[in-house]
file model-v4.cif (mmCIF, C-alpha atoms, pLDDT in the B column; chains and numbers go by the auth columns)
data_final
#
loop_
_atom_site.group_PDB
_atom_site.id
_atom_site.type_symbol
_atom_site.label_atom_id
_atom_site.label_comp_id
_atom_site.label_asym_id
_atom_site.label_seq_id
_atom_site.Cartn_x
_atom_site.Cartn_y
_atom_site.Cartn_z
_atom_site.B_iso_or_equiv
_atom_site.auth_seq_id
_atom_site.auth_asym_id
ATOM 1 C CA MET A 1 0.000 0.000 0.000 70.00 277 A
ATOM 2 C CA SER A 2 1.367 3.424 -0.908 72.00 278 A
ATOM 3 C CA ALA A 3 1.590 6.238 1.635 75.00 279 A
ATOM 4 C CA SER A 4 -0.975 8.222 -0.357 69.00 280 A
ATOM 5 C CA SER A 5 -3.422 5.294 -0.311 71.00 281 A
ATOM 6 C CA ALA A 6 -2.944 4.839 3.439 78.00 282 A
ATOM 7 C CA LEU A 7 -3.599 8.541 3.979 79.00 283 A
ATOM 8 C CA ALA A 8 -6.683 8.376 1.769 74.00 284 A
ATOM 9 C CA ARG A 9 -8.063 5.598 3.985 79.00 285 A
ATOM 10 C CA ASN A 10 -7.245 7.628 7.089 81.00 286 A
ATOM 11 C CA MET A 11 -9.126 10.546 5.535 80.00 287 A
ATOM 12 C CA ASP A 12 -12.333 8.505 5.656 82.00 288 A
ATOM 13 C CA PHE A 13 -11.945 8.129 9.413 83.00 289 A
ATOM 14 C CA TRP A 14 -11.199 11.787 10.210 84.00 290 A
ATOM 15 C CA HIS A 15 -14.093 12.969 8.072 83.00 291 A
ATOM 16 C CA TRP A 16 -16.527 10.451 9.599 86.00 292 A
ATOM 17 C CA TYR A 17 -15.490 10.987 13.251 89.00 293 A
ATOM 18 C CA PRO A 18 -17.745 14.018 13.919 92.00 294 A
ATOM 19 C CA GLU A 19 -20.725 11.644 13.571 92.00 295 A
ATOM 20 C CA LEU A 20 -19.507 9.846 16.667 91.00 296 A
ATOM 21 C CA LEU A 21 -18.959 13.077 18.582 92.00 297 A
ATOM 22 C CA VAL A 22 -22.411 14.536 17.975 94.00 298 A
ATOM 23 C CA GLN A 23 -24.377 11.416 18.942 92.00 299 A
ATOM 24 C CA GLY A 24 -26.972 12.228 21.581 91.00 300 A
ATOM 25 C CA LEU A 25 -26.491 16.002 21.446 95.00 301 A
ATOM 26 C CA THR A 26 -29.363 18.408 20.911 96.00 302 A
ATOM 27 C CA THR A 27 -29.294 21.363 18.527 95.00 303 A
ATOM 28 C CA GLU A 28 -28.884 23.654 21.522 96.00 304 A
ATOM 29 C CA GLN A 29 -25.906 21.651 22.777 96.00 305 A
ATOM 30 C CA LEU A 30 -24.320 21.671 19.320 97.00 306 A
ATOM 31 C CA ARG A 31 -24.567 25.479 19.276 97.00 307 A
ATOM 32 C CA TRP A 32 -23.493 26.019 22.916 97.00 308 A
ATOM 33 C CA GLN A 33 -20.415 28.169 23.482 97.00 309 A
ATOM 34 C CA PRO A 34 -18.521 27.648 26.746 95.00 310 A
ATOM 35 C CA GLU A 35 -17.753 30.728 28.805 93.00 311 A
ATOM 36 C CA GLY A 36 -14.435 32.171 27.665 90.00 312 A
ATOM 37 C CA HIS A 37 -14.357 30.017 24.498 90.00 313 A
ATOM 38 C CA ASP A 38 -15.957 31.398 21.339 93.00 314 A
ATOM 39 C CA THR A 39 -16.480 28.200 19.395 95.00 315 A
ATOM 40 C CA SER A 40 -19.341 25.712 19.403 97.00 316 A
ATOM 41 C CA ILE A 41 -19.407 22.144 18.120 97.00 317 A
ATOM 42 C CA THR A 42 -21.394 23.270 15.074 97.00 318 A
ATOM 43 C CA PHE A 43 -18.884 26.008 14.288 97.00 319 A
ATOM 44 C CA ALA A 44 -15.890 23.715 14.844 96.00 320 A
ATOM 45 C CA ILE A 45 -17.277 21.119 12.416 97.00 321 A
ATOM 46 C CA TRP A 46 -18.172 23.731 9.802 96.00 322 A
ATOM 47 C CA HIS A 47 -14.838 25.573 10.119 95.00 323 A
ATOM 48 C CA THR A 48 -12.734 22.408 10.096 95.00 324 A
ATOM 49 C CA TYR A 49 -14.127 20.909 6.918 96.00 325 A
ATOM 50 C CA ARG A 50 -14.626 24.225 5.088 96.00 326 A
ATOM 51 C CA ALA A 51 -10.954 25.015 5.750 93.00 327 A
ATOM 52 C CA ALA A 52 -9.757 21.594 4.574 95.00 328 A
ATOM 53 C CA ASP A 53 -12.004 21.871 1.514 96.00 329 A
ATOM 54 C CA GLU A 54 -10.922 25.356 0.471 93.00 330 A
ATOM 55 C CA LEU A 55 -7.234 25.010 1.265 92.00 331 A
ATOM 56 C CA VAL A 56 -6.660 21.516 -0.102 95.00 332 A
ATOM 57 C CA HIS A 57 -8.826 21.799 -3.206 96.00 333 A
ATOM 58 C CA GLY A 58 -8.046 25.406 -4.073 92.00 334 A
ATOM 59 C CA MET A 59 -4.436 25.825 -3.014 90.00 335 A
ATOM 60 C CA VAL A 60 -3.017 22.312 -3.370 94.00 336 A
ATOM 61 C CA LEU A 61 -5.128 20.531 -5.978 95.00 337 A
ATOM 62 C CA GLN A 62 -5.948 23.672 -7.978 94.00 338 A
ATOM 63 C CA ARG A 63 -9.608 22.760 -8.450 95.00 339 A
ATOM 64 C CA PRO A 64 -12.944 24.044 -7.154 96.00 340 A
ATOM 65 C CA SER A 65 -13.907 23.174 -3.603 96.00 341 A
ATOM 66 C CA VAL A 66 -16.493 20.491 -2.828 97.00 342 A
ATOM 67 C CA HIS A 67 -18.536 23.333 -1.321 96.00 343 A
ATOM 68 C CA ALA A 68 -18.746 25.004 -4.744 95.00 344 A
ATOM 69 C CA SER A 69 -18.648 22.012 -7.095 96.00 345 A
ATOM 70 C CA GLN A 70 -21.149 19.740 -5.319 96.00 346 A
ATOM 71 C CA GLY A 71 -23.787 22.287 -4.344 94.00 347 A
ATOM 72 C CA TRP A 72 -22.980 22.507 -0.631 95.00 348 A
ATOM 73 C CA ALA A 73 -23.040 26.307 -0.761 91.00 349 A
ATOM 74 C CA GLY A 74 -26.844 26.150 -0.944 91.00 350 A
ATOM 75 C CA ARG A 75 -27.201 23.485 1.745 93.00 351 A
ATOM 76 C CA LEU A 76 -24.738 25.105 4.165 94.00 352 A
ATOM 77 C CA ALA A 77 -25.332 28.783 3.551 89.00 353 A
ATOM 78 C CA VAL A 78 -23.431 30.986 6.001 91.00 354 A
ATOM 79 C CA ALA A 79 -24.001 34.733 5.659 89.00 355 A
ATOM 80 C CA GLU A 80 -21.110 35.902 7.840 90.00 356 A
ATOM 81 C CA THR A 81 -17.846 34.028 7.364 91.00 357 A
ATOM 82 C CA GLY A 82 -15.267 36.386 8.849 89.00 358 A
ATOM 83 C CA VAL A 83 -12.078 37.105 6.923 88.00 359 A
ATOM 84 C CA THR A 84 -11.914 33.687 5.244 88.00 360 A
ATOM 85 C CA PRO A 85 -14.617 31.516 3.671 89.00 361 A
ATOM 86 C CA PHE A 86 -14.171 29.166 6.632 91.00 362 A
ATOM 87 C CA GLY A 87 -14.744 31.479 9.578 90.00 363 A
ATOM 88 C CA ASN A 88 -11.403 32.891 10.668 91.00 364 A
ATOM 89 C CA GLY A 89 -12.044 36.176 12.442 92.00 365 A
ATOM 90 C CA MET A 90 -15.701 35.537 13.269 94.00 366 A
ATOM 91 C CA SER A 91 -16.831 37.066 16.548 95.00 367 A
ATOM 92 C CA ARG A 92 -18.430 35.113 19.382 94.00 368 A
ATOM 93 C CA GLU A 93 -21.782 36.615 18.391 95.00 369 A
ATOM 94 C CA GLN A 94 -21.389 35.599 14.733 96.00 370 A
ATOM 95 C CA ILE A 95 -20.434 32.071 15.761 96.00 371 A
ATOM 96 C CA GLY A 96 -23.442 31.970 18.082 95.00 372 A
ATOM 97 C CA ARG A 97 -25.759 32.799 15.171 94.00 373 A
ATOM 98 C CA LEU A 98 -24.418 29.924 13.056 94.00 374 A
ATOM 99 C CA ASP A 99 -27.330 27.523 12.728 92.00 375 A
ATOM 100 C CA LEU A 100 -26.675 24.641 10.348 95.00 376 A
ATOM 101 C CA ASN A 101 -28.426 21.325 9.893 96.00 377 A
ATOM 102 C CA ILE A 102 -26.171 18.758 11.558 96.00 378 A
ATOM 103 C CA GLY A 103 -27.052 16.045 9.039 96.00 379 A
ATOM 104 C CA ALA A 104 -26.024 18.262 6.146 97.00 380 A
ATOM 105 C CA LEU A 105 -22.877 19.324 7.978 97.00 381 A
ATOM 106 C CA LEU A 106 -21.851 15.711 8.599 96.00 382 A
ATOM 107 C CA GLY A 107 -22.607 14.869 4.957 96.00 383 A
ATOM 108 C CA TYR A 108 -20.380 17.729 3.863 97.00 384 A
ATOM 109 C CA ALA A 109 -17.521 16.543 6.097 95.00 385 A
ATOM 110 C CA LYS A 110 -17.716 13.093 4.489 94.00 386 A
ATOM 111 C CA ALA A 111 -17.877 14.561 0.973 95.00 387 A
ATOM 112 C CA VAL A 112 -14.760 16.641 1.632 95.00 388 A
ATOM 113 C CA GLY A 113 -12.942 13.594 3.000 93.00 389 A
ATOM 114 C CA ALA A 114 -13.994 11.437 0.046 92.00 390 A
ATOM 115 C CA SER A 115 -12.812 14.016 -2.460 94.00 391 A
ATOM 116 C CA ILE A 116 -9.453 14.556 -0.765 93.00 392 A
ATOM 117 C CA GLY A 117 -9.036 10.803 -0.258 90.00 393 A
ATOM 118 C CA ALA A 118 -9.673 10.142 -3.960 90.00 394 A
ATOM 119 C CA ALA A 119 -7.125 12.788 -4.903 91.00 395 A
ATOM 120 C CA LEU A 120 -4.558 11.247 -2.548 88.00 396 A
ATOM 121 C CA ALA A 121 -5.166 7.724 -3.839 85.00 397 A
ATOM 122 C CA SER A 122 -4.489 8.808 -7.418 88.00 398 A
ATOM 123 C CA MET A 123 -1.561 11.140 -6.662 89.00 399 A
ATOM 124 C CA SER A 124 1.827 10.100 -8.031 90.00 400 A
ATOM 125 C CA ASP A 125 4.898 10.329 -5.828 89.00 401 A
ATOM 126 C CA GLU A 126 6.207 13.103 -8.080 94.00 402 A
ATOM 127 C CA GLU A 127 3.009 15.140 -7.710 93.00 403 A
ATOM 128 C CA ALA A 128 2.928 14.509 -3.941 92.00 404 A
ATOM 129 C CA ALA A 129 6.478 15.894 -3.633 95.00 405 A
ATOM 130 C CA ALA A 130 5.752 19.151 -5.510 96.00 406 A
ATOM 131 C CA GLU A 131 6.107 22.205 -3.266 94.00 407 A
ATOM 132 C CA VAL A 132 3.286 24.461 -2.148 91.00 408 A
ATOM 133 C CA ALA A 133 3.970 28.003 -0.914 88.00 409 A
ATOM 134 C CA LEU A 134 2.202 28.867 2.348 85.00 410 A
ATOM 135 C CA PRO A 135 3.123 32.539 2.813 83.00 411 A
ATOM 136 C CA PHE A 136 0.431 33.059 5.481 78.00 412 A
ATOM 137 C CA PHE A 137 2.415 30.706 7.757 77.00 413 A
ATOM 138 C CA THR A 138 5.530 32.908 7.665 77.00 414 A
ATOM 139 C CA GLY A 139 6.072 34.144 11.206 77.00 415 A
ATOM 140 C CA VAL A 140 3.302 31.912 12.592 77.00 416 A
ATOM 141 C CA TYR A 141 4.701 28.412 12.126 77.00 417 A
ATOM 142 C CA PRO A 142 8.479 28.498 11.696 76.00 418 A
ATOM 143 C CA SER A 143 9.729 26.465 8.715 81.00 419 A
ATOM 144 C CA MET A 144 6.188 25.689 7.502 83.00 420 A
ATOM 145 C CA ASP A 145 5.980 28.326 4.757 84.00 421 A
ATOM 146 C CA ARG A 146 6.806 25.745 2.063 89.00 422 A
ATOM 147 C CA LEU A 147 5.603 22.150 2.204 91.00 423 A
ATOM 148 C CA SER A 148 5.111 19.372 -0.318 94.00 424 A
ATOM 149 C CA LYS A 149 1.584 18.817 -1.610 94.00 425 A
ATOM 150 C CA LEU A 150 1.331 15.670 0.490 92.00 426 A
ATOM 151 C CA GLU A 151 2.548 17.440 3.647 92.00 427 A
ATOM 152 C CA THR A 152 0.112 20.296 3.041 92.00 428 A
ATOM 153 C CA ILE A 153 -2.823 17.926 2.611 92.00 429 A
ATOM 154 C CA VAL A 154 -1.890 16.035 5.772 90.00 430 A
ATOM 155 C CA PHE A 155 -1.449 19.314 7.667 90.00 431 A
ATOM 156 C CA PHE A 156 -4.896 20.687 6.768 89.00 432 A
ATOM 157 C CA ALA A 157 -7.021 17.558 6.294 90.00 433 A
ATOM 158 C CA ILE A 158 -5.676 15.526 9.215 89.00 434 A
ATOM 159 C CA GLY A 159 -3.643 17.749 11.575 89.00 435 A
ATOM 160 C CA HIS A 160 -5.949 20.775 11.596 90.00 436 A
ATOM 161 C CA THR A 161 -8.964 18.461 11.597 92.00 437 A
ATOM 162 C CA SER A 162 -7.808 16.454 14.609 91.00 438 A
ATOM 163 C CA GLU A 163 -7.008 19.677 16.480 92.00 439 A
ATOM 164 C CA HIS A 164 -10.627 20.801 16.135 94.00 440 A
ATOM 165 C CA LEU A 165 -12.012 17.325 16.834 92.00 441 A
ATOM 166 C CA GLY A 166 -10.231 17.545 20.192 92.00 442 A
ATOM 167 C CA GLU A 167 -11.868 20.912 20.745 94.00 443 A
ATOM 168 C CA MET A 168 -15.262 19.344 19.992 94.00 444 A
ATOM 169 C CA GLN A 169 -14.541 16.555 22.491 93.00 445 A
ATOM 170 C CA MET A 170 -13.663 19.164 25.120 93.00 446 A
ATOM 171 C CA ILE A 171 -16.952 21.014 24.568 95.00 447 A
ATOM 172 C CA LYS A 172 -18.945 17.791 24.603 94.00 448 A
ATOM 173 C CA GLY A 173 -17.156 16.799 27.802 93.00 449 A
ATOM 174 C CA MET A 174 -18.116 20.117 29.399 93.00 450 A
ATOM 175 C CA LEU A 175 -21.735 19.490 28.407 92.00 451 A
ATOM 176 C CA THR A 176 -22.090 15.820 29.200 91.00 452 A
ATOM 177 C CA GLY A 177 -19.129 14.814 31.370 87.00 453 A
ATOM 178 C CA LYS A 178 -17.644 12.700 28.563 83.00 454 A
ATOM 179 C CA GLY A 179 -16.076 13.654 25.222 76.00 455 A
ATOM 180 C CA ALA A 180 -15.403 10.790 22.850 74.00 456 A
ATOM 181 C CA PRO A 181 -17.156 7.510 23.695 70.00 457 A
ATOM 182 C CA LEU A 182 -13.955 5.580 24.317 67.00 458 A
#
call {"tool": "encode", "arguments": {"input": "model-v4.cif", "output": "structure tokens"}}
result
Amino acid sequence: MSASSALARNMDFWHWYPELLVQGLTTEQLRWQPEGHDTSITFAIWHTYRAADELVHGMVLQRPSVHASQGWAGRLAVAETGVTPFGNGMSREQIGRLDLNIGALLGYAKAVGASIGAALASMSDEEAAAEVALPFFTGVYPSMDRLSKLETIVFFAIGHTSEHLGEMQMIKGMLTGKGAPL
């Protein structure tokens, strides 16, 4: 099995996992924002997969996002997105107004994962090694301003995703006393 194929399989897991985290939560719980923490589970899911979608498809794969190409813009319409299409810079109040259908949101997460996974599975080693410039990381993450395509995909579609999945587990734990059902 190639590294790209193994990562594609892993992508299925990380883009399915929110289903496990939201089990048993009400709409109100999904939108709840802990004191001193702006995010909600709904926002974290939306932000995570919108970011992976936009950054991987647009910047790395040079193709339209799943959000645009598969009609998710209509199903997951968000009027206020902050300074990026995926919510960076949104205020606590803007995040609190985010009201998305959880079924659609989970479907979108899976669609993003499937698309990125398919791209990884078909990516040649030469294409995976091609460099991607990440100028917005300069000064934020030392030595991360240039990565290979494969490293960039892993960074955004697995690393960034798992960071926010942990955040969702924390919020769920604050609500219910238990994060992930492990």
call {"tool": "closest_residue", "arguments": {"input": "model-v4.cif", "among": "A:Ser281, A:His343, A:Gly442, A:Ile447", "to": "Trp308 of chain A", "atoms": "only C-alpha atoms"}}
result
A:Ile447
call {"tool": "resolve_selection", "arguments": {"input": "model-v4.cif", "expression": "the PyMOL selection byres ((chain A and resi 361) around 9)", "output": "number ranges by chain"}}
result
A: 323, 326-327, 330, 356-360, 362-364
call {"tool": "atom_distance", "arguments": {"input": "model-v4.cif", "atom1": "atom CA of Gly372 of chain A", "atom2": "atom CA of Glu295 of chain A"}}
result
21.0 Å
call {"tool": "residues_around", "arguments": {"input": "model-v4.cif", "residues": "Ser278 of chain A", "least_positions_apart": "3", "cutoff": "12 Å", "atoms": "all atoms listed in the file", "output": "MDAnalysis selection string"}}
result
chainID A and resid 281:285 396:401 404
call {"tool": "closest_residue", "arguments": {"input": "model-v4.cif", "among": "A:Met450, A:Gly389, A:Leu337, A:Glu443", "to": "Glu407 of chain A", "atoms": "all atoms listed in the file"}}
result
A:Leu337
call {"tool": "atom_distance", "arguments": {"input": "model-v4.cif", "atom1": "atom CA of Gln299 of chain A", "atom2": "atom CA of Val354 of chain A"}}
result
23.5 Å
call {"tool": "atom_distance", "arguments": {"input": "model-v4.cif", "atom1": "atom CA of Arg307 of chain A", "atom2": "atom CA of Leu376 of chain A"}}
result
9.2 Å
call {"tool": "closest_residue", "arguments": {"input": "model-v4.cif", "among": "A:Met335, A:Leu306, A:Met277, A:Met420", "to": "Gln445 of chain A", "atoms": "only C-alpha atoms"}}
result
A:Leu306
call {"tool": "residues_around", "arguments": {"input": "model-v4.cif", "residues": "Val388 of chain A", "least_positions_apart": "4", "cutoff": "7 Å", "atoms": "all atoms listed in the file", "output": "list in words"}}
result
Tyr325, Asp329, Val342, Tyr384 and Ile392 of chain A
call {"tool": "resolve_selection", "arguments": {"input": "model-v4.cif", "expression": "the PyMOL selection byres ((chain A and resi 422) around 10)", "output": "PDB file with C-alpha atoms, in the frame of the given file"}}
result
ATOM      1  CA  GLU A 407       6.107  22.205  -3.266  1.00 94.00           C
ATOM      2  CA  VAL A 408       3.286  24.461  -2.148  1.00 91.00           C
ATOM      3  CA  ALA A 409       3.970  28.003  -0.914  1.00 88.00           C
ATOM      4  CA  LEU A 410       2.202  28.867   2.348  1.00 85.00           C
ATOM      5  CA  PRO A 411       3.123  32.539   2.813  1.00 83.00           C
ATOM      6  CA  PHE A 413       2.415  30.706   7.757  1.00 77.00           C
ATOM      7  CA  THR A 414       5.530  32.908   7.665  1.00 77.00           C
ATOM      8  CA  SER A 419       9.729  26.465   8.715  1.00 81.00           C
ATOM      9  CA  MET A 420       6.188  25.689   7.502  1.00 83.00           C
ATOM     10  CA  ASP A 421       5.980  28.326   4.757  1.00 84.00           C
ATOM     11  CA  LEU A 423       5.603  22.150   2.204  1.00 91.00           C
ATOM     12  CA  SER A 424       5.111  19.372  -0.318  1.00 94.00           C
ATOM     13  CA  LYS A 425       1.584  18.817  -1.610  1.00 94.00           C
ATOM     14  CA  GLU A 427       2.548  17.440   3.647  1.00 92.00           C
ATOM     15  CA  THR A 428       0.112  20.296   3.041  1.00 92.00           C
TER      16      THR A 428
END
call {"tool": "resolve_selection", "arguments": {"input": "model-v4.cif", "expression": "the PyMOL selection byres ((chain A and resi 377) around 12)", "output": "list of chain:residue names"}}
result
A:Thr302, A:Thr303, A:Glu304, A:Leu306, A:Arg307, A:Thr318, A:Phe319, A:Ile321, A:Trp322, A:Trp348, A:Gly350, A:Arg351, A:Leu352, A:Ala353, A:Val354, A:Leu374, A:Asp375, A:Leu376, A:Ile378, A:Gly379, A:Ala380, A:Leu381, A:Leu382, A:Gly383, A:Tyr384
call {"tool": "residues_around", "arguments": {"input": "model-v4.cif", "residues": "Ala456 of chain A", "least_positions_apart": "4", "cutoff": "10 Å", "atoms": "only C-alpha atoms", "output": "ChimeraX atom specification"}}
result
/A:293-294,296-299,441-442,444-446,448-449
call {"tool": "write_last_selection", "arguments": {"input": "model-v4.cif", "atoms": "C-alpha atoms", "output": "compact mmCIF listing (two decimals), in the frame of the given file"}}
result
# COMPACT_ATOMS: atom_id res chain seq x y z
CA TYR A 293 -15.49 10.99 13.25
CA PRO A 294 -17.74 14.02 13.92
CA LEU A 296 -19.51 9.85 16.67
CA LEU A 297 -18.96 13.08 18.58
CA VAL A 298 -22.41 14.54 17.98
CA GLN A 299 -24.38 11.42 18.94
CA LEU A 441 -12.01 17.32 16.83
CA GLY A 442 -10.23 17.55 20.19
CA MET A 444 -15.26 19.34 19.99
CA GLN A 445 -14.54 16.56 22.49
CA MET A 446 -13.66 19.16 25.12
CA LYS A 448 -18.94 17.79 24.60
CA GLY A 449 -17.16 16.80 27.80
call {"tool": "closest_residue", "arguments": {"input": "model-v4.cif", "among": "A:Met287, A:Ala387, A:Leu301, A:Ala433", "to": "Gln346 of chain A", "atoms": "only C-alpha atoms"}}
result
A:Ala387
call {"tool": "residues_around", "arguments": {"input": "model-v4.cif", "residues": "Ala390 of chain A", "least_positions_apart": "4", "cutoff": "8 Å", "atoms": "all atoms listed in the file", "output": "PyMOL selection string"}}
result
chain A and resi 287-288+386+394
call {"tool": "write_last_selection", "arguments": {"input": "model-v4.cif", "atoms": "C-alpha atoms", "output": "compact mmCIF listing (two decimals), keeping the file's coordinate frame"}}
result
# COMPACT_ATOMS: atom_id res chain seq x y z
CA MET A 287 -9.13 10.55 5.54
CA ASP A 288 -12.33 8.51 5.66
CA LYS A 386 -17.72 13.09 4.49
CA ALA A 394 -9.67 10.14 -3.96
